[in-house]
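Novice: This one is coords-v4.cif, mmCIF, C-alpha atoms.
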data_coords
#
loop_
_atom_site.group_PDB
_atom_site.id
_atom_site.type_symbol
_atom_site.label_atom_id
_atom_site.label_comp_id
_atom_site.auth_asym_id
_atom_site.auth_seq_id
_atom_site.Cartn_x
_atom_site.Cartn_y
_atom_site.Cartn_z
ATOM 1 C CA MET A 243 21.940 -19.411 30.583
ATOM 2 C CA SER A 244 25.487 -19.780 31.755
ATOM 3 C CA ASP A 245 27.324 -22.986 30.947
ATOM 4 C CA ALA A 246 29.006 -22.909 34.372
ATOM 5 C CA GLY A 247 28.940 -26.330 35.987
ATOM 6 C CA LYS A 248 28.189 -28.032 32.687
ATOM 7 C CA SER A 249 30.719 -30.118 30.865
ATOM 8 C CA GLY A 250 30.860 -28.889 27.266
ATOM 9 C CA ASN A 251 28.837 -28.498 24.159
ATOM 10 C CA PHE A 252 28.831 -29.851 20.633
ATOM 11 C CA LYS A 253 26.850 -29.661 17.446
ATOM 12 C CA VAL A 254 24.453 -32.125 15.834
ATOM 13 C CA PHE A 255 23.584 -31.424 12.217
ATOM 14 C CA VAL A 256 19.921 -31.995 11.276
ATOM 15 C CA ALA A 257 19.755 -32.793 7.565
ATOM 16 C CA GLY A 258 17.375 -34.264 5.027
ATOM 17 C CA PRO A 259 15.337 -33.420 1.962
ATOM 18 C CA TYR A 260 12.905 -30.546 1.542
ATOM 19 C CA HIS A 261 9.784 -30.645 3.788
ATOM 20 C CA ALA A 262 10.928 -33.799 5.569
ATOM 21 C CA GLY A 263 10.274 -32.186 8.966
ATOM 22 C CA LYS A 264 13.700 -30.875 10.051
ATOM 23 C CA THR A 265 12.395 -27.514 11.301
ATOM 24 C CA THR A 266 9.489 -29.155 13.150
ATOM 25 C CA LEU A 267 11.931 -31.564 14.795
ATOM 26 C CA VAL A 268 14.319 -28.844 15.994
ATOM 27 C CA HIS A 269 11.383 -26.804 17.359
ATOM 28 C CA LEU A 270 9.955 -29.915 19.042
ATOM 29 C CA LEU A 271 13.208 -30.482 20.923
ATOM 30 C CA ASP A 272 13.717 -26.786 21.731
ATOM 31 C CA LYS A 273 10.609 -24.617 21.988
ATOM 32 C CA LYS A 274 12.850 -21.528 21.865
ATOM 33 C CA ALA A 275 14.637 -22.559 18.647
ATOM 34 C CA GLN A 276 15.115 -19.939 15.947
ATOM 35 C CA SER A 277 14.739 -20.420 12.196
ATOM 36 C CA VAL A 278 15.777 -18.260 9.262
ATOM 37 C CA GLU A 279 13.211 -19.099 6.614
ATOM 38 C CA ARG A 280 11.021 -17.775 3.804
ATOM 39 C CA ILE A 281 7.262 -18.034 3.367
ATOM 40 C CA LEU A 282 6.370 -19.755 0.094
ATOM 41 C CA PRO A 283 3.391 -18.805 -2.109
ATOM 42 C CA ASP A 284 1.420 -21.812 -0.800
ATOM 43 C CA GLY A 285 1.744 -20.451 2.748
ATOM 44 C CA THR A 286 4.267 -23.064 3.900
ATOM 45 C CA THR A 287 7.756 -22.075 4.967
ATOM 46 C CA SER A 288 11.164 -23.150 3.746
ATOM 47 C CA THR A 289 14.389 -22.923 5.739
ATOM 48 C CA ILE A 290 16.861 -20.746 3.849
ATOM 49 C CA VAL A 291 19.774 -20.679 6.282
ATOM 50 C CA PHE A 292 19.259 -22.724 9.456
ATOM 51 C CA ASP A 293 17.128 -23.835 12.378
ATOM 52 C CA LEU A 294 19.038 -23.325 15.593
ATOM 53 C CA GLY A 295 18.150 -24.835 18.940
ATOM 54 C CA HIS A 296 19.728 -26.728 21.789
ATOM 55 C CA ILE A 297 18.975 -29.352 24.399
ATOM 56 C CA TRP A 298 20.947 -30.796 27.320
ATOM 57 C CA TRP A 299 22.028 -34.431 27.680
ATOM 58 C CA ASP A 300 23.206 -36.138 30.883
ATOM 59 C CA GLU A 301 25.181 -38.756 28.919
ATOM 60 C CA GLY A 302 22.567 -41.289 29.948
ATOM 61 C CA GLU A 303 18.892 -41.644 29.123
ATOM 62 C CA ASN A 304 17.770 -38.089 29.807
ATOM 63 C CA LEU A 305 17.403 -34.922 27.763
ATOM 64 C CA TYR A 306 16.651 -31.602 29.418
ATOM 65 C CA THR A 307 15.320 -28.247 28.271
ATOM 66 C CA ASP A 308 16.908 -25.000 29.476
ATOM 67 C CA ASP A 309 14.260 -24.652 32.183
ATOM 68 C CA GLU A 310 14.714 -28.247 33.363
ATOM 69 C CA ILE A 311 18.497 -28.087 33.510
ATOM 70 C CA LYS A 312 18.354 -24.929 35.655
ATOM 71 C CA THR A 313 16.740 -26.908 38.449
ATOM 72 C CA SER A 314 18.818 -30.031 37.933
ATOM 73 C CA SER A 315 22.077 -30.738 39.740
ATOM 74 C CA CYS A 316 23.406 -33.136 37.085
ATOM 75 C CA ASN A 317 26.317 -32.457 34.799
ATOM 76 C CA ALA A 318 25.082 -32.237 31.245
ATOM 77 C CA LEU A 319 26.385 -31.656 27.754
ATOM 78 C CA ARG A 320 24.793 -28.927 25.666
ATOM 79 C CA VAL A 321 23.698 -30.370 22.319
ATOM 80 C CA VAL A 322 23.412 -27.637 19.677
ATOM 81 C CA LEU A 323 20.883 -28.629 17.010
ATOM 82 C CA MET A 324 21.625 -27.097 13.615
ATOM 83 C CA GLY A 325 18.858 -27.688 11.092
ATOM 84 C CA SER A 326 19.646 -27.113 7.434
ATOM 85 C CA PRO A 327 17.808 -26.177 4.237
ATOM 86 C CA GLY A 328 16.579 -29.255 2.362
ATOM 87 C CA GLN A 329 16.294 -27.912 -1.144
ATOM 88 C CA ILE A 330 18.876 -29.501 -3.424
ATOM 89 C CA HIS A 331 20.186 -26.180 -4.743
ATOM 90 C CA MET A 332 20.997 -24.967 -1.201
ATOM 91 C CA SER A 333 24.033 -27.270 -0.887
ATOM 92 C CA PRO A 334 26.495 -24.355 -0.334
ATOM 93 C CA VAL A 335 24.449 -23.316 2.701
ATOM 94 C CA ARG A 336 24.362 -26.902 3.985
ATOM 95 C CA GLU A 337 28.137 -27.099 3.650
ATOM 96 C CA ALA A 338 28.567 -23.839 5.599
ATOM 97 C CA THR A 339 26.128 -24.757 8.380
ATOM 98 C CA SER A 340 27.405 -28.340 8.784
ATOM 99 C CA LYS A 341 30.909 -27.248 9.773
ATOM 100 C CA GLY A 342 32.048 -28.621 13.114
ATOM 101 C CA ALA A 343 29.121 -31.017 13.570
ATOM 102 C CA ARG A 344 30.003 -34.271 15.318
ATOM 103 C CA GLY A 345 26.883 -36.201 14.410
ATOM 104 C CA VAL A 346 23.930 -36.152 12.034
ATOM 105 C CA LEU A 347 20.229 -36.663 12.607
ATOM 106 C CA PHE A 348 18.967 -37.385 9.114
ATOM 107 C CA ILE A 349 15.229 -36.846 8.544
ATOM 108 C CA ILE A 350 13.211 -38.382 5.737
ATOM 109 C CA ASP A 351 9.508 -38.096 4.927
ATOM 110 C CA SER A 352 8.089 -41.621 5.214
ATOM 111 C CA THR A 353 5.050 -40.637 3.152
ATOM 112 C CA ALA A 354 7.146 -39.521 0.166
ATOM 113 C CA PRO A 355 9.100 -42.467 -1.289
ATOM 114 C CA GLY A 356 9.569 -40.371 -4.426
ATOM 115 C CA GLN A 357 11.920 -38.196 -2.369
ATOM 116 C CA VAL A 358 14.374 -41.055 -1.876
ATOM 117 C CA GLY A 359 16.597 -39.817 -4.715
ATOM 118 C CA HIS A 360 16.907 -36.403 -3.029
ATOM 119 C CA ALA A 361 17.448 -38.080 0.337
ATOM 120 C CA ILE A 362 20.333 -40.177 -1.010
ATOM 121 C CA ALA A 363 21.887 -37.124 -2.702
ATOM 122 C CA ILE A 364 21.819 -35.124 0.540
ATOM 123 C CA TYR A 365 22.969 -38.160 2.562
ATOM 124 C CA GLU A 366 26.036 -38.521 0.325
ATOM 125 C CA GLU A 367 26.624 -34.761 0.422
ATOM 126 C CA VAL A 368 26.577 -34.705 4.231
ATOM 127 C CA LYS A 369 29.076 -37.584 4.352
ATOM 128 C CA LEU A 370 31.309 -35.649 1.989
ATOM 129 C CA TYR A 371 31.212 -32.582 4.274
ATOM 130 C CA LEU A 372 31.530 -34.374 7.621
ATOM 131 C CA GLY A 373 33.394 -37.578 6.741
ATOM 132 C CA ARG A 374 32.288 -41.072 5.698
ATOM 133 C CA ASP A 375 32.271 -42.269 9.313
ATOM 134 C CA VAL A 376 30.270 -39.428 10.829
ATOM 135 C CA PRO A 377 27.799 -40.858 13.379
ATOM 136 C CA MET A 378 24.295 -40.782 11.945
ATOM 137 C CA VAL A 379 20.764 -41.929 12.748
ATOM 138 C CA VAL A 380 17.890 -41.690 10.267
ATOM 139 C CA VAL A 381 14.425 -40.665 11.439
ATOM 140 C CA ALA A 382 11.646 -42.109 9.251
ATOM 141 C CA ASN A 383 9.405 -39.131 9.963
ATOM 142 C CA LYS A 384 5.644 -38.493 9.635
ATOM 143 C CA GLN A 385 4.660 -41.866 11.112
ATOM 144 C CA ASP A 386 1.531 -40.142 12.423
ATOM 145 C CA LEU A 387 0.180 -40.254 8.856
ATOM 146 C CA SER A 388 -1.659 -43.359 7.633
ATOM 147 C CA ASN A 389 0.339 -43.656 4.395
ATOM 148 C CA ALA A 390 3.738 -43.609 6.124
ATOM 149 C CA MET A 391 6.144 -46.335 5.032
ATOM 150 C CA LYS A 392 7.868 -48.410 7.690
ATOM 151 C CA ALA A 393 11.517 -47.755 8.536
ATOM 152 C CA ASP A 394 12.677 -51.121 7.165
ATOM 153 C CA ALA A 395 11.038 -50.455 3.802
ATOM 154 C CA LEU A 396 12.693 -47.025 3.591
ATOM 155 C CA LYS A 397 16.019 -48.518 4.587
ATOM 156 C CA ASN A 398 15.740 -51.043 1.748
ATOM 157 C CA LEU A 399 14.738 -48.305 -0.652
ATOM 158 C CA MET A 400 17.749 -46.173 0.297
ATOM 159 C CA LYS A 401 20.048 -49.217 0.324
ATOM 160 C CA ILE A 402 21.737 -48.119 3.536
ATOM 161 C CA ASP A 403 22.534 -51.058 5.808
ATOM 162 C CA SER A 404 25.006 -49.570 8.236
ATOM 163 C CA ILE A 405 22.792 -46.915 9.802
ATOM 164 C CA ARG A 406 19.891 -47.292 12.220
ATOM 165 C CA PHE A 407 16.489 -46.087 10.989
ATOM 166 C CA ILE A 408 13.992 -45.079 13.695
ATOM 167 C CA GLU A 409 10.313 -44.450 13.067
ATOM 168 C CA GLY A 410 9.078 -41.162 14.433
ATOM 169 C CA SER A 411 6.901 -38.107 14.154
ATOM 170 C CA ALA A 412 8.302 -34.630 14.687
ATOM 171 C CA LEU A 413 4.689 -33.476 14.996
ATOM 172 C CA THR A 414 3.661 -35.781 17.870
ATOM 173 C CA GLY A 415 7.146 -36.383 19.297
ATOM 174 C CA GLN A 416 6.984 -40.162 18.777
ATOM 175 C CA GLY A 417 10.487 -41.636 18.445
ATOM 176 C CA ILE A 418 12.325 -38.302 18.213
ATOM 177 C CA LYS A 419 14.039 -38.226 21.617
ATOM 178 C CA GLU A 420 14.792 -41.935 21.172
ATOM 179 C CA ALA A 421 16.496 -41.183 17.846
ATOM 180 C CA LEU A 422 18.538 -38.307 19.281
ATOM 181 C CA LEU A 423 19.577 -40.390 22.310
ATOM 182 C CA GLU A 424 20.593 -43.232 19.998
ATOM 183 C CA LEU A 425 22.736 -40.833 17.973
ATOM 184 C CA LEU A 426 24.323 -39.297 21.083
ATOM 185 C CA LYS A 427 25.238 -42.746 22.413
ATOM 186 C CA ILE A 428 26.824 -43.695 19.074
ATOM 187 C CA MET A 429 28.776 -40.424 19.116
ATOM 188 C CA LYS A 430 29.969 -41.113 22.647
ATOM 189 C CA ALA A 431 30.935 -44.707 21.798
ATOM 190 C CA LYS A 432 32.915 -43.479 18.789
ATOM 191 C CA GLY A 433 34.762 -40.935 20.930
ATOM 192 C CA CYS A 434 33.216 -37.969 19.143
ATOM 193 C CA LEU A 435 32.473 -36.191 22.427
ATOM 194 C CA ASN A 436 36.060 -35.931 23.649
ATOM 195 C CA PHE A 437 36.826 -32.265 24.245
ATOM 196 C CA MET B 103 8.274 -12.575 -28.670
ATOM 197 C CA SER B 104 6.790 -14.139 -25.524
ATOM 198 C CA GLU B 105 6.313 -12.022 -22.428
ATOM 199 C CA GLU B 106 8.759 -14.215 -20.471
ATOM 200 C CA LEU B 107 11.467 -13.898 -23.118
ATOM 201 C CA SER B 108 10.954 -10.149 -23.255
ATOM 202 C CA LYS B 109 11.313 -9.987 -19.464
ATOM 203 C CA GLN B 110 14.499 -12.042 -19.562
ATOM 204 C CA MET B 111 15.991 -9.717 -22.178
ATOM 205 C CA LYS B 112 15.088 -6.685 -20.071
ATOM 206 C CA LEU B 113 16.692 -8.314 -17.020
ATOM 207 C CA ILE B 114 19.887 -9.001 -18.964
ATOM 208 C CA GLN B 115 19.896 -5.355 -20.051
ATOM 209 C CA ILE B 116 19.519 -4.218 -16.430
ATOM 210 C CA LEU B 117 22.385 -6.498 -15.389
ATOM 211 C CA GLN B 118 24.640 -5.307 -18.198
ATOM 212 C CA ASP B 119 23.897 -1.650 -17.323
ATOM 213 C CA THR B 120 24.710 -2.456 -13.686
ATOM 214 C CA ILE B 121 27.987 -4.174 -14.572
ATOM 215 C CA GLU B 122 28.998 -1.113 -16.561
ATOM 216 C CA SER B 123 27.910 1.608 -14.137
ATOM 217 C CA GLY B 124 29.146 -0.192 -11.011
ATOM 218 C CA LYS B 125 32.352 -1.552 -12.568
ATOM 219 C CA LEU B 126 31.220 -4.990 -11.423
ATOM 220 C CA GLU B 127 32.663 -8.387 -12.325
ATOM 221 C CA ALA B 128 29.417 -10.289 -11.988
ATOM 222 C CA THR B 129 25.840 -9.679 -11.071
ATOM 223 C CA CYS B 130 22.888 -11.994 -10.603
ATOM 224 C CA ILE B 131 19.160 -11.709 -9.905
ATOM 225 C CA VAL B 132 18.001 -14.460 -7.589
ATOM 226 C CA SER B 133 14.698 -15.601 -6.093
ATOM 227 C CA ASP B 134 14.497 -15.185 -2.317
ATOM 228 C CA ILE B 135 14.745 -18.968 -1.934
ATOM 229 C CA GLY B 136 18.063 -19.055 -3.762
ATOM 230 C CA LEU B 137 17.212 -19.950 -7.358
ATOM 231 C CA PRO B 138 18.935 -17.987 -10.137
ATOM 232 C CA ILE B 139 16.626 -15.843 -12.292
ATOM 233 C CA SER B 140 19.122 -14.083 -14.539
ATOM 234 C CA SER B 141 22.829 -13.399 -14.414
ATOM 235 C CA VAL B 142 25.828 -11.862 -16.111
ATOM 236 C CA ILE B 143 28.760 -13.851 -14.826
ATOM 237 C CA THR B 144 32.066 -14.928 -16.353
ATOM 238 C CA ASP B 145 32.012 -18.356 -14.693
ATOM 239 C CA PRO B 146 28.492 -19.806 -15.174
ATOM 240 C CA ALA B 147 29.353 -22.703 -12.872
ATOM 241 C CA LYS B 148 29.343 -20.227 -9.988
ATOM 242 C CA GLU B 149 25.796 -19.012 -10.696
ATOM 243 C CA SER B 150 24.067 -21.640 -8.535
ATOM 244 C CA LEU B 151 26.506 -21.215 -5.673
ATOM 245 C CA LEU B 152 26.255 -17.425 -5.767
ATOM 246 C CA SER B 153 22.440 -17.627 -5.861
ATOM 247 C CA ALA B 154 22.101 -19.947 -2.867
ATOM 248 C CA MET B 155 24.616 -17.975 -0.811
ATOM 249 C CA ALA B 156 23.035 -14.617 -1.731
ATOM 250 C CA ALA B 157 19.601 -15.779 -0.551
ATOM 251 C CA ALA B 158 21.132 -17.036 2.700
ATOM 252 C CA ILE B 159 23.158 -13.845 3.246
ATOM 253 C CA LEU B 160 20.133 -11.580 2.711
ATOM 254 C CA ALA B 161 17.918 -13.747 4.934
ATOM 255 C CA MET B 162 20.575 -13.596 7.673
ATOM 256 C CA GLY B 163 20.866 -9.826 7.284
ATOM 257 C CA GLU B 164 17.106 -9.343 7.468
ATOM 258 C CA ARG B 165 16.862 -11.551 10.533
ATOM 259 C CA THR B 166 19.743 -9.695 12.211
ATOM 260 C CA VAL B 167 18.220 -6.230 11.786
ATOM 261 C CA GLU B 168 14.824 -7.606 12.835
ATOM 262 C CA GLU B 169 16.259 -9.055 16.059
ATOM 263 C CA LEU B 170 18.188 -5.842 16.762
ATOM 264 C CA LYS B 171 15.150 -3.697 15.840
ATOM 265 C CA GLN B 172 17.191 -1.702 13.338
ATOM 266 C CA GLY B 173 14.422 -1.136 10.787
ATOM 267 C CA LYS B 174 14.474 -2.300 7.191
ATOM 268 C CA LEU B 175 17.625 -3.812 5.721
ATOM 269 C CA SER B 176 19.159 -1.813 2.875
ATOM 270 C CA GLN B 177 21.900 -4.175 1.801
ATOM 271 C CA VAL B 178 24.616 -6.523 3.007
ATOM 272 C CA THR B 179 28.202 -5.696 2.071
ATOM 273 C CA ILE B 180 31.014 -8.224 2.303
ATOM 274 C CA GLN B 181 34.549 -6.874 1.971
ATOM 275 C CA ALA B 182 37.508 -9.185 1.435
ATOM 276 C CA ASP B 183 41.185 -8.614 0.569
ATOM 277 C CA ASP B 184 40.563 -8.914 -3.146
ATOM 278 C CA GLY B 185 36.916 -8.169 -3.638
ATOM 279 C CA ILE B 186 33.587 -6.730 -2.583
ATOM 280 C CA THR B 187 30.192 -8.464 -2.673
ATOM 281 C CA VAL B 188 26.926 -6.610 -2.149
ATOM 282 C CA VAL B 189 23.482 -8.205 -1.796
ATOM 283 C CA ARG B 190 20.245 -6.237 -1.671
ATOM 284 C CA SER B 191 16.537 -6.903 -2.011
ATOM 285 C CA ALA B 192 15.095 -6.205 -5.452
ATOM 286 C CA GLY B 193 11.366 -6.387 -4.836
ATOM 287 C CA GLN B 194 8.965 -8.721 -3.094
ATOM 288 C CA HIS B 195 10.511 -12.095 -3.863
ATOM 289 C CA GLN B 196 13.858 -11.448 -5.481
ATOM 290 C CA LEU B 197 17.267 -9.996 -4.739
ATOM 291 C CA ILE B 198 20.311 -8.824 -6.627
ATOM 292 C CA ILE B 199 23.945 -9.604 -5.942
ATOM 293 C CA GLY B 200 26.975 -7.826 -7.379
ATOM 294 C CA THR B 201 30.671 -8.596 -7.024
ATOM 295 C CA ALA B 202 33.650 -6.384 -7.847
ATOM 296 C CA ARG B 203 37.388 -6.140 -7.325
ATOM 297 C CA SER B 204 38.274 -4.216 -4.202
ATOM 298 C CA LYS B 205 39.782 -1.288 -6.102
ATOM 299 C CA VAL B 206 36.251 -0.310 -7.207
ATOM 300 C CA GLY B 207 34.616 2.359 -5.029
ATOM 301 C CA LEU B 208 31.976 1.003 -2.676
ATOM 302 C CA GLY B 209 29.737 4.018 -3.338
ATOM 303 C CA LEU B 210 29.711 3.266 -7.034
ATOM 304 C CA ILE B 211 28.704 -0.351 -6.431
ATOM 305 C CA HIS B 212 25.956 0.587 -3.979
ATOM 306 C CA LEU B 213 24.563 3.207 -6.329
ATOM 307 C CA ALA B 214 24.529 0.828 -9.309
ATOM 308 C CA LEU B 215 22.820 -1.960 -7.363
ATOM 309 C CA GLN B 216 20.317 0.426 -5.768
ATOM 310 C CA LYS B 217 19.269 1.628 -9.197
ATOM 311 C CA ALA B 218 19.151 -1.934 -10.567
ATOM 312 C CA SER B 219 17.065 -3.234 -7.663
ATOM 313 C CA GLY B 220 14.427 -0.583 -8.367
ATOM 314 C CA ARG B 221 14.287 -1.529 -12.043
ATOM 315 C CA VAL B 222 14.093 -5.259 -11.241
ATOM 316 C CA ALA B 223 11.321 -4.716 -8.705
ATOM 317 C CA GLU B 224 9.357 -2.678 -11.211
ATOM 318 C CA LEU B 225 9.722 -5.395 -13.829
ATOM 319 C CA LEU B 226 9.174 -8.510 -11.722
ATOM 320 C CA ASP B 227 6.881 -7.687 -8.828
ATOM 321 C CA GLY B 228 3.769 -9.726 -9.196
ATOM 322 C CA ALA B 229 5.624 -12.197 -11.396
ATOM 323 C CA GLU B 230 6.100 -15.767 -10.184
ATOM 324 C CA PHE B 231 9.704 -17.005 -10.135
ATOM 325 C CA ARG B 232 9.639 -19.772 -7.545
#
Using the file provided, produce a representation of the structure as structure tokens.

Specialist:
Amino acid sequence: MSDAGKSGNFKVFVAGPYHAGKTTLVHLLDKKAQSVERILPDGTTSTIVFDLGHIWWDEGENLYTDDEIKTSSCNALRVVLMGSPGQIHMSPVREATSKGARGVLFIIDSTAPGQVGHAIAIYEEVKLYLGRDVPMVVVANKQDLSNAMKADALKNLMKIDSIRFIEGSALTGQGIKEALLELLKIMKAKGCLNF
Amino acid sequence: MSEELSKQMKLIQILQDTIESGKLEATCIVSDIGLPISSVITDPAKESLLSAMAAAILAMGERTVEELKQGKLSQVTIQADDGITVVRSAGQHQLIIGTARSKVGLGLIHLALQKASGRVAELLDGAEFR
């Protein structure tokens, strides 16, 4: 659709370790999102380049899909969601796809505390690419599963005090829009949306 | 000699033949998810970077021709001021990347990598490298 009448667009980088739910999250927020991925021998898929989607934000409490914004009269910002590969060795691709992002939605698998080492490595890597002060919110994903750890426990495990952890499920949608809205508000408060 | 070691030696031979026939600087066989399988490269530190980027480049190329309905991708060629990089599929789950200085003829590089990709596919298809 045309951006006429809308007030700008910017990129949010969706990062996190392998199989944390980044692709599911981007496709939850944008049903028309596109992914460049490979099918693995076990039948699952792995993002090799990116997941690309977008959603509209009215700078308040509302997010809109393409179809919803067409019938809305509000001014909205176009939020480009750029998901990234989570495998450790794909760091050059993460660096390339993170360029220009103004905020980070960081996804971790709450059922896999053993992944915390990978999560911290990618967290530090993203801060290196986008700056130590880049706005970020962590989604403690897969809360729909019975063995999911709580956000506070994951936060303690990762030893990250300065960033908000939000419990969610990219499969059911629980907490995901809340996490994105929280990030967008932080970005706005920090002046990251000035065009 | 184990079967795996024998395969690795054959892959190195293919890569060395390719370097020679294509006048390449470096060449690398990579899994389609970006992990290095075998390489002949002067700076080993660049092997991981080259592997990840090659997998991404080929995946992007395949997706582009799929979206544009342009058939099957042959290869992706990147030309810069001082060099040429070519990536092409080398079987079901692997690809080959070659880099050369720009004074080398593109036809020579393509021909060398085309031949190598056939040999790699013959050797590795059915093998598990993930």

Novice: Taking only C-alpha atoms into account, find every residue of chain A that has an atom no more than 6 Å from chain B, and write it out as a PyMOL selection string.

Specialist: chain A and resi 290-291+332

Novice: Find the residue from B:Ser140, B:Ser204, B:Gln115, B:Ser219 that sits nearest to B:Arg190; use all atoms listed in the file when measuring.

Specialist: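 Smallest distance to B:Arg190 is found for B:Ser219.
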
Novice: When you draw a straight line from atom CA of B:Cys130 to atom CA of B:Lys174, how long is it in Å?

Specialist: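 About the pair atom CA of B:Cys130 and atom CA of B:Lys174: they are 21.9 Å apart.
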
Novice: To one decimal place in Å, what is the distance between atom CA of A:Gln329 and atom CA of A:Met400?

Specialist: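 According to the coordinates, atom CA of A:Gln329 and atom CA of A:Met400 are separated by 18.4 Å.
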
Novice: Where does the PyMOL selection byres ((chain A and resi 265-267) around 12) land in this file, that is, which residues does it pick, as a PyMOL selection string?

Specialist: chain A and resi 255-264+268-273+275-279+286-296+323-328+347-350+381-384+410-419+421-422

Novice: Identify which of the residues A:Asp308, A:Glu367, A:Asp351, A:Asp300 lies closest to A:Asn389, counting all atoms listed in the file when measuring atom-to-atom distances.

Specialist: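 Nearest to A:Asn389: A:Asp351.
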
Novice: One decimal, in Å: what's the spacing between atom CA of A:Thr339 and atom CA of B:Glu168?

Specialist: 21.0 Å

Novice: Between A:Cys316, A:Leu282, A:Val379, A:Ile408, which is the closest to A:Met391 once you count all atoms listed in the file?

Specialist: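 Closest residue, counting all atoms listed in the file: A:Ile408.
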
Novice: Restricting the calculation to only C-alpha atoms, which member of A:Leu396, A:Ala338, A:Ala363, A:Leu319 is positioned closest to A:Leu435?

Specialist: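 Answer, going by the shortest atom-to-atom distance: A:Leu319.
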
Novice: For B:Thr120, which of B:Gln177, B:Ser141, B:Ser191, B:Gln172 is the closest residue, counting all atoms listed in the file?

Specialist: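 The shortest atom-to-atom distance to B:Thr120 comes from B:Ser141.
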
Novice: So, with only C-alpha atoms as the atoms that count, which of B:Ile199, B:Glu149, B:Ile114, B:Ser133 lies closest to B:Ile211?

Specialist: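 Comparing B:Ile199, B:Glu149, B:Ile114, B:Ser133 against B:Ile211, the winner is B:Ile199.
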
Novice: Give me the result of the PyMOL selection byres ((chain B and resi 184) around 8) on this file, residue by residue, as a PyMOL selection string.

Specialist: chain B and resi 182-183+185-186+203-204

Novice: May I have the residues within 8 Å of A:Lys392 as a PDB file with C-alpha atoms, keeping the file's coordinate frame, using all atoms listed in the file and disregarding those fewer than 2 positions away in the same chain?

Specialist:
ATOM      1  CA  SER A 352       8.089 -41.621   5.214  1.00  0.00           C
ATOM      2  CA  ALA A 382      11.646 -42.109   9.251  1.00  0.00           C
ATOM      3  CA  ALA A 390       3.738 -43.609   6.124  1.00  0.00           C
ATOM      4  CA  ASP A 394      12.677 -51.121   7.165  1.00  0.00           C
ATOM      5  CA  ALA A 395      11.038 -50.455   3.802  1.00  0.00           C
ATOM      6  CA  LEU A 396      12.693 -47.025   3.591  1.00  0.00           C
ATOM      7  CA  GLU A 409      10.313 -44.450  13.067  1.00  0.00           C
TER       8      GLU A 409
END

Novice: Fewer than 4 positions away in the same chain doesn't count, so skip those; otherwise give me all residues within 10 Å of A:Met378, counting all atoms listed in the file, as an MDAnalysis selection string.

Specialist: chainID A and resid 254:256 344:348 365 369 404:407 421:422 424:426 428:429

Novice: Can you list what the PyMOL selection byres ((chain B and resi 125) around 8) grabs from this structure, as a compact mmCIF listing (two decimals) with C-alpha atoms, in the frame of the given file?

Specialist:
# COMPACT_ATOMS: atom_id res chain seq x y z
CA THR B 120 24.71 -2.46 -13.69
CA ILE B 121 27.99 -4.17 -14.57
CA GLU B 122 29.00 -1.11 -16.56
CA SER B 123 27.91 1.61 -14.14
CA GLY B 124 29.15 -0.19 -11.01
CA LEU B 126 31.22 -4.99 -11.42
CA GLU B 127 32.66 -8.39 -12.32
CA ALA B 202 33.65 -6.38 -7.85
CA VAL B 206 36.25 -0.31 -7.21
CA LEU B 210 29.71 3.27 -7.03
CA ILE B 211 28.70 -0.35 -6.43

Novice: For stretch 186-196 of chain B, supply N, CA and C atoms and format the output as an mmCIF file, in the coordinates of the input.

Specialist:
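File result34.cif, as written:
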data_model
loop_
_atom_site.group_PDB
_atom_site.id
_atom_site.type_symbol
_atom_site.label_atom_id
_atom_site.label_comp_id
_atom_site.auth_asym_id
_atom_site.auth_seq_id
_atom_site.Cartn_x
_atom_site.Cartn_y
_atom_site.Cartn_z
ATOM 1 N N ILE B 186 34.755 -7.218 -3.323
ATOM 2 C CA ILE B 186 33.587 -6.730 -2.583
ATOM 3 C C ILE B 186 32.356 -7.438 -3.141
ATOM 4 N N THR B 187 31.466 -7.862 -2.250
ATOM 5 C CA THR B 187 30.192 -8.464 -2.673
ATOM 6 C C THR B 187 29.067 -7.720 -1.971
ATOM 7 N N VAL B 188 28.066 -7.320 -2.733
ATOM 8 C CA VAL B 188 26.926 -6.610 -2.149
ATOM 9 C C VAL B 188 25.650 -7.354 -2.540
ATOM 10 N N VAL B 189 24.780 -7.572 -1.550
ATOM 11 C CA VAL B 189 23.482 -8.205 -1.796
ATOM 12 C C VAL B 189 22.398 -7.265 -1.311
ATOM 13 N N ARG B 190 21.369 -7.048 -2.138
ATOM 14 C CA ARG B 190 20.245 -6.237 -1.671
ATOM 15 C C ARG B 190 18.937 -6.765 -2.248
ATOM 16 N N SER B 191 17.857 -6.485 -1.560
ATOM 17 C CA SER B 191 16.537 -6.903 -2.011
ATOM 18 C C SER B 191 16.207 -6.162 -3.300
ATOM 19 N N ALA B 192 15.478 -6.849 -4.191
ATOM 20 C CA ALA B 192 15.095 -6.205 -5.452
ATOM 21 C C ALA B 192 13.607 -6.465 -5.703
ATOM 22 N N GLY B 193 12.809 -6.184 -4.708
ATOM 23 C CA GLY B 193 11.366 -6.387 -4.836
ATOM 24 C C GLY B 193 10.857 -7.399 -3.834
ATOM 25 N N GLN B 194 9.638 -7.866 -4.088
ATOM 26 C CA GLN B 194 8.965 -8.721 -3.094
ATOM 27 C C GLN B 194 9.643 -10.066 -2.896
ATOM 28 N N HIS B 195 10.018 -10.720 -3.977
ATOM 29 C CA HIS B 195 10.511 -12.095 -3.863
ATOM 30 C C HIS B 195 11.832 -12.308 -4.572
ATOM 31 N N GLN B 196 12.588 -11.258 -4.793
ATOM 32 C CA GLN B 196 13.858 -11.448 -5.481
ATOM 33 C C GLN B 196 14.916 -10.493 -4.931
#
